[in-house]
$ cat start_31.pdb   # PDB, C-alpha atoms, pLDDT in the B column
ATOM      1  CA  MET A   1      32.289 -97.278  35.699  1.00 42.00           C
ATOM      2  CA  SER A   2      32.632 -96.279  32.031  1.00 51.00           C
ATOM      3  CA  GLU A   3      34.785 -93.365  30.969  1.00 63.00           C
ATOM      4  CA  THR A   4      33.076 -90.127  30.045  1.00 68.00           C
ATOM      5  CA  PRO A   5      34.470 -88.837  26.747  1.00 88.00           C
ATOM      6  CA  VAL A   6      35.649 -85.243  26.677  1.00 94.00           C
ATOM      7  CA  LEU A   7      35.897 -83.494  23.313  1.00 94.00           C
ATOM      8  CA  SER A   8      38.511 -80.929  22.428  1.00 94.00           C
ATOM      9  CA  PRO A   9      37.033 -77.411  22.669  1.00 95.00           C
ATOM     10  CA  ALA A  10      39.038 -76.330  19.596  1.00 93.00           C
ATOM     11  CA  TYR A  11      40.777 -77.669  16.496  1.00 89.00           C
ATOM     12  CA  GLY A  12      44.446 -76.781  16.607  1.00 89.00           C
ATOM     13  CA  ARG A  13      47.786 -78.073  17.893  1.00 91.00           C
ATOM     14  CA  VAL A  14      48.272 -79.273  21.462  1.00 94.00           C
ATOM     15  CA  CYS A  15      51.171 -77.142  22.674  1.00 93.00           C
ATOM     16  CA  ALA A  16      51.279 -78.082  26.370  1.00 93.00           C
ATOM     17  CA  ILE A  17      49.884 -80.544  28.895  1.00 94.00           C
ATOM     18  CA  GLU A  18      50.224 -79.845  32.611  1.00 94.00           C
ATOM     19  CA  ARG A  19      49.395 -82.502  35.193  1.00 92.00           C
ATOM     20  CA  GLY A  20      48.602 -81.957  38.849  1.00 87.00           C
ATOM     21  CA  ALA A  21      45.486 -81.696  40.986  1.00 88.00           C
ATOM     22  CA  THR A  22      43.881 -80.599  37.714  1.00 90.00           C
ATOM     23  CA  ARG A  23      45.022 -81.260  34.178  1.00 94.00           C
ATOM     24  CA  LYS A  24      45.466 -78.425  31.677  1.00 95.00           C
ATOM     25  CA  ILE A  25      45.630 -79.108  27.955  1.00 96.00           C
ATOM     26  CA  SER A  26      46.630 -76.055  25.887  1.00 95.00           C
ATOM     27  CA  ILE A  27      45.632 -75.900  22.225  1.00 94.00           C
ATOM     28  CA  PHE A  28      47.284 -73.360  19.923  1.00 91.00           C
ATOM     29  CA  LEU A  29      45.157 -72.048  17.056  1.00 88.00           C
ATOM     30  CA  SER A  30      47.249 -70.633  14.248  1.00 82.00           C
ATOM     31  CA  LEU A  31      45.999 -68.015  11.823  1.00 78.00           C
ATOM     32  CA  TRP A  32      44.867 -70.843   9.521  1.00 73.00           C
ATOM     33  CA  ASP A  33      42.967 -72.956  12.071  1.00 66.00           C
ATOM     34  CA  ASN A  34      39.228 -72.980  12.752  1.00 65.00           C
ATOM     35  CA  HIS A  35      38.694 -70.733  15.762  1.00 85.00           C
ATOM     36  CA  VAL A  36      35.196 -71.860  16.709  1.00 92.00           C
ATOM     37  CA  ASN A  37      35.149 -73.197  20.278  1.00 96.00           C
ATOM     38  CA  CYS A  38      32.819 -76.011  21.346  1.00 97.00           C
ATOM     39  CA  SER A  39      31.696 -77.462  24.652  1.00 98.00           C
ATOM     40  CA  PRO A  40      33.870 -80.439  25.626  1.00 98.00           C
ATOM     41  CA  ILE A  41      31.036 -82.020  27.664  1.00 97.00           C
ATOM     42  CA  THR A  42      27.269 -81.803  28.043  1.00 98.00           C
ATOM     43  CA  GLY A  43      26.450 -79.611  31.008  1.00 98.00           C
ATOM     44  CA  ARG A  44      25.372 -76.290  32.497  1.00 98.00           C
ATOM     45  CA  VAL A  45      27.449 -73.115  32.237  1.00 98.00           C
ATOM     46  CA  GLU A  46      28.195 -72.324  35.876  1.00 98.00           C
ATOM     47  CA  ARG A  47      30.384 -69.268  35.472  1.00 98.00           C
ATOM     48  CA  ILE A  48      31.862 -66.968  32.831  1.00 98.00           C
ATOM     49  CA  VAL A  49      34.619 -64.530  33.743  1.00 98.00           C
ATOM     50  CA  HIS A  50      36.188 -62.077  31.275  1.00 97.00           C
ATOM     51  CA  THR A  51      39.672 -60.850  32.183  1.00 96.00           C
ATOM     52  CA  PRO A  52      41.277 -57.975  30.237  1.00 95.00           C
ATOM     53  CA  GLY A  53      44.963 -58.405  29.556  1.00 94.00           C
ATOM     54  CA  ARG A  54      47.854 -58.330  27.148  1.00 93.00           C
ATOM     55  CA  TYR A  55      48.215 -59.779  23.655  1.00 90.00           C
ATOM     56  CA  LEU A  56      51.358 -61.894  23.871  1.00 90.00           C
ATOM     57  CA  PRO A  57      51.868 -64.602  21.224  1.00 88.00           C
ATOM     58  CA  ALA A  58      49.376 -67.335  22.138  1.00 85.00           C
ATOM     59  CA  LEU A  59      51.947 -70.109  21.760  1.00 84.00           C
ATOM     60  CA  PHE A  60      53.762 -68.830  24.878  1.00 84.00           C
ATOM     61  CA  GLY A  61      52.722 -70.510  28.121  1.00 85.00           C
ATOM     62  CA  SER A  62      52.531 -67.139  29.857  1.00 88.00           C
ATOM     63  CA  ALA A  63      49.688 -66.138  27.508  1.00 88.00           C
ATOM     64  CA  SER A  64      47.266 -68.234  29.606  1.00 88.00           C
ATOM     65  CA  GLY A  65      47.642 -65.962  32.613  1.00 89.00           C
ATOM     66  CA  LEU A  66      48.561 -62.621  31.054  1.00 94.00           C
ATOM     67  CA  ASN A  67      46.475 -62.266  27.887  1.00 94.00           C
ATOM     68  CA  GLU A  68      42.867 -61.153  27.586  1.00 94.00           C
ATOM     69  CA  ASN A  69      40.701 -64.222  28.181  1.00 95.00           C
ATOM     70  CA  ASN A  70      37.305 -65.681  28.998  1.00 96.00           C
ATOM     71  CA  TRP A  71      36.955 -68.453  31.589  1.00 98.00           C
ATOM     72  CA  ILE A  72      33.923 -70.687  31.039  1.00 98.00           C
ATOM     73  CA  SER A  73      33.093 -73.261  33.719  1.00 98.00           C
ATOM     74  CA  ILE A  74      30.802 -76.111  32.646  1.00 98.00           C
ATOM     75  CA  ARG A  75      29.328 -78.588  35.147  1.00 98.00           C
ATOM     76  CA  GLY A  76      28.506 -81.965  33.684  1.00 97.00           C
ATOM     77  CA  GLU A  77      26.746 -84.926  35.247  1.00 94.00           C
ATOM     78  CA  ARG A  78      29.942 -86.346  36.802  1.00 93.00           C
ATOM     79  CA  PHE A  79      32.456 -83.491  36.911  1.00 95.00           C
ATOM     80  CA  GLU A  80      33.200 -79.875  35.998  1.00 97.00           C
ATOM     81  CA  VAL A  81      35.546 -78.623  33.269  1.00 98.00           C
ATOM     82  CA  GLY A  82      36.902 -75.194  32.468  1.00 98.00           C
ATOM     83  CA  VAL A  83      37.524 -73.707  29.038  1.00 98.00           C
ATOM     84  CA  ARG A  84      39.712 -70.620  28.779  1.00 96.00           C
ATOM     85  CA  GLN A  85      39.486 -68.674  25.512  1.00 96.00           C
ATOM     86  CA  ILE A  86      42.751 -66.739  25.181  1.00 94.00           C
ATOM     87  CA  ALA A  87      43.424 -63.895  22.766  1.00 92.00           C
ATOM     88  CA  GLY A  88      46.754 -63.940  20.949  1.00 88.00           C
ATOM     89  CA  MET A  89      49.030 -61.331  19.432  1.00 86.00           C
ATOM     90  CA  VAL A  90      46.799 -60.881  16.375  1.00 78.00           C
ATOM     91  CA  ALA A  91      43.474 -61.882  17.936  1.00 67.00           C
ATOM     92  CA  ARG A  92      41.858 -58.889  19.535  1.00 73.00           C
ATOM     93  CA  ARG A  93      38.353 -60.236  19.880  1.00 83.00           C
ATOM     94  CA  ILE A  94      36.943 -63.125  21.890  1.00 91.00           C
ATOM     95  CA  VAL A  95      33.310 -64.061  21.268  1.00 92.00           C
ATOM     96  CA  CYS A  96      31.380 -65.972  23.936  1.00 96.00           C
ATOM     97  CA  ASP A  97      28.004 -67.191  22.673  1.00 96.00           C
ATOM     98  CA  CYS A  98      26.840 -68.776  25.931  1.00 98.00           C
ATOM     99  CA  ARG A  99      25.602 -67.278  29.194  1.00 98.00           C
ATOM    100  CA  GLU A 100      25.678 -68.450  32.789  1.00 98.00           C
ATOM    101  CA  GLY A 101      22.859 -70.938  33.309  1.00 98.00           C
ATOM    102  CA  ASP A 102      22.787 -72.125  29.677  1.00 98.00           C
ATOM    103  CA  ARG A 103      22.753 -75.850  29.025  1.00 98.00           C
ATOM    104  CA  LEU A 104      25.286 -76.899  26.399  1.00 98.00           C
ATOM    105  CA  GLU A 105      25.382 -80.177  24.530  1.00 98.00           C
ATOM    106  CA  GLN A 106      28.768 -81.774  23.942  1.00 97.00           C
ATOM    107  CA  GLY A 107      30.208 -80.315  20.740  1.00 97.00           C
ATOM    108  CA  GLN A 108      27.833 -77.324  20.748  1.00 98.00           C
ATOM    109  CA  ARG A 109      29.404 -74.013  19.775  1.00 97.00           C
ATOM    110  CA  LEU A 110      30.189 -71.839  22.797  1.00 96.00           C
ATOM    111  CA  GLY A 111      32.109 -69.072  21.032  1.00 96.00           C
ATOM    112  CA  GLU A 112      35.105 -68.231  18.885  1.00 93.00           C
ATOM    113  CA  ILE A 113      38.369 -66.343  18.940  1.00 88.00           C
ATOM    114  CA  LEU A 114      39.398 -64.352  15.917  1.00 78.00           C
ATOM    115  CA  PHE A 115      42.842 -65.162  14.435  1.00 75.00           C
ATOM    116  CA  GLY A 116      45.904 -66.673  16.171  1.00 72.00           C
ATOM    117  CA  SER A 117      44.846 -67.648  19.674  1.00 89.00           C
ATOM    118  CA  ARG A 118      44.832 -70.376  22.307  1.00 91.00           C
ATOM    119  CA  VAL A 119      42.298 -72.447  24.227  1.00 94.00           C
ATOM    120  CA  ASP A 120      43.080 -74.144  27.552  1.00 95.00           C
ATOM    121  CA  LEU A 121      40.967 -77.088  28.686  1.00 96.00           C
ATOM    122  CA  HIS A 122      41.022 -77.682  32.463  1.00 96.00           C
ATOM    123  CA  LEU A 123      40.010 -81.163  33.621  1.00 95.00           C
ATOM    124  CA  PRO A 124      39.782 -82.801  37.030  1.00 93.00           C
ATOM    125  CA  GLY A 125      43.047 -84.565  37.840  1.00 84.00           C
ATOM    126  CA  HIS A 126      41.334 -87.954  38.266  1.00 82.00           C
ATOM    127  CA  LEU A 127      40.403 -88.197  34.570  1.00 79.00           C
ATOM    128  CA  LYS A 128      42.779 -90.254  32.440  1.00 64.00           C
TER     129      LYS A 128
END
$ encode --input "start_31.pdb" --output "C-alpha cells"
Amino acid sequence: MSETPVLSPAYGRVCAIERGATRKISIFLSLWDNHVNCSPITGRVERIVHTPGRYLPALFGSASGLNENNWISIRGERFEVGVRQIAGMVARRIVCDCREGDRLEQGQRLGEILFGSRVDLHLPGHLK
C-alpha cells in the first residue's frame, strides 16, 4: 500500500513531536511567519470546536491545552487528522474559514492565526 502524503498545516518551525497512540507535531509561528493554515489532507471537516483560554507564549508546550484554540477534525479517505489552531501571547484572533461538512482539498486554506501562534497536527499513530 502506498503512503498517503500529509502536508504541514502551517509554515513555521517544528518545536515538538510527541509519539504515542497518536502523533502530535507542533509548529511554532513567529511574528514573521506566514500564519495562513492549510488542510494537511483532502477530506471532509467532521468537527470544529472553539475553546476559549489563555494567551501564554505559543512556544510553550502548555499553550496547546491552555490557550484559546480551534480544533478542526478532517476525515480523509484512509484516516482522520486533527489541526489545532492555537493563539499565542500576541495573537488574539483565530480565523477559521471552514465549516463542519465542508470538503477541503489538500493544501486548501482553512484559516489563519494573527501574529505569534502555534499549530498542532494530530496524526494516527500508525503513520510513519
$ residues_near_point --input "start_31.pdb" --point "(44.6, -71.4, 29.5)" --cutoff "7 Å" --atoms "all atoms listed in the file" --output "MDAnalysis selection string"
chainID A and resid 26 64:65 84 86 119:121
$ write_last_selection --input "start_31.pdb" --atoms "C-alpha atoms" --output "compact mmCIF listing (two decimals), in the frame of the given file"
# COMPACT_ATOMS: atom_id res chain seq x y z
CA SER A 26 46.63 -76.06 25.89
CA SER A 64 47.27 -68.23 29.61
CA GLY A 65 47.64 -65.96 32.61
CA ARG A 84 39.71 -70.62 28.78
CA ILE A 86 42.75 -66.74 25.18
CA VAL A 119 42.30 -72.45 24.23
CA ASP A 120 43.08 -74.14 27.55
CA LEU A 121 40.97 -77.09 28.69
$ closest_residue --input "start_31.pdb" --among "A:Val14, A:Cys96, A:Phe79, A:Phe28" --to "A:His50" --atoms "all atoms listed in the file"
A:Cys96
$ resolve_selection --input "start_31.pdb" --expression "the PyMOL selection byres ((chain A and resi 38) around 8)" --output "list in words"
Ser8, Pro9, Ala10, Val36, Asn37, Ser39, Pro40, Gln106, Gly107, Gln108, Arg109, Leu110 and Gly111 of chain A
$ closest_residue --input "start_31.pdb" --among "A:Ser62, A:Thr51, A:Thr42, A:Thr22" --to "A:Glu77" --atoms "only C-alpha atoms"
A:Thr42
$ closest_residue --input "start_31.pdb" --among "A:Ile25, A:Ile48, A:Val90, A:Leu127" --to "A:Asp102" --atoms "all atoms listed in the file"
A:Ile48
$ resolve_selection --input "start_31.pdb" --expression "the PyMOL selection byres ((chain A and resi 32) around 12)" --output "MDAnalysis selection string"
chainID A and resid 11:13 28:31 33:35 114:117
$ residues_around --input "start_31.pdb" --residues "A:Gly125" --least-positions-apart "3" --cutoff "9 Å" --atoms "only C-alpha atoms" --output "list of chain:residue names"
A:Arg19, A:Gly20, A:Ala21, A:Thr22, A:Arg23, A:His122, A:Lys128
$ resolve_selection --input "start_31.pdb" --expression "the PyMOL selection byres ((chain A and resi 80) around 9)" --output "ChimeraX atom specification"
/A:41,43,73-79,81-82,122-124
$ atom_distance --input "start_31.pdb" --atom1 "atom CA of A:Arg44" --atom2 "atom CA of A:Arg99"
9.6 Å
$ atom_distance --input "start_31.pdb" --atom1 "atom CA of A:Val6" --atom2 "atom CA of A:Trp71"
17.5 Å
$ closest_residue --input "start_31.pdb" --among "A:Arg54, A:Asn69, A:Val95, A:Ile17" --to "A:Val83" --atoms "all atoms listed in the file"
A:Asn69
$ closest_residue --input "start_31.pdb" --among "A:Arg118, A:Gly101, A:Ile27, A:Cys15" --to "A:Leu56" --atoms "all atoms listed in the file"
A:Arg118
$ atom_distance --input "start_31.pdb" --atom1 "atom CA of A:Asn67" --atom2 "atom CA of A:Leu104"
25.8 Å
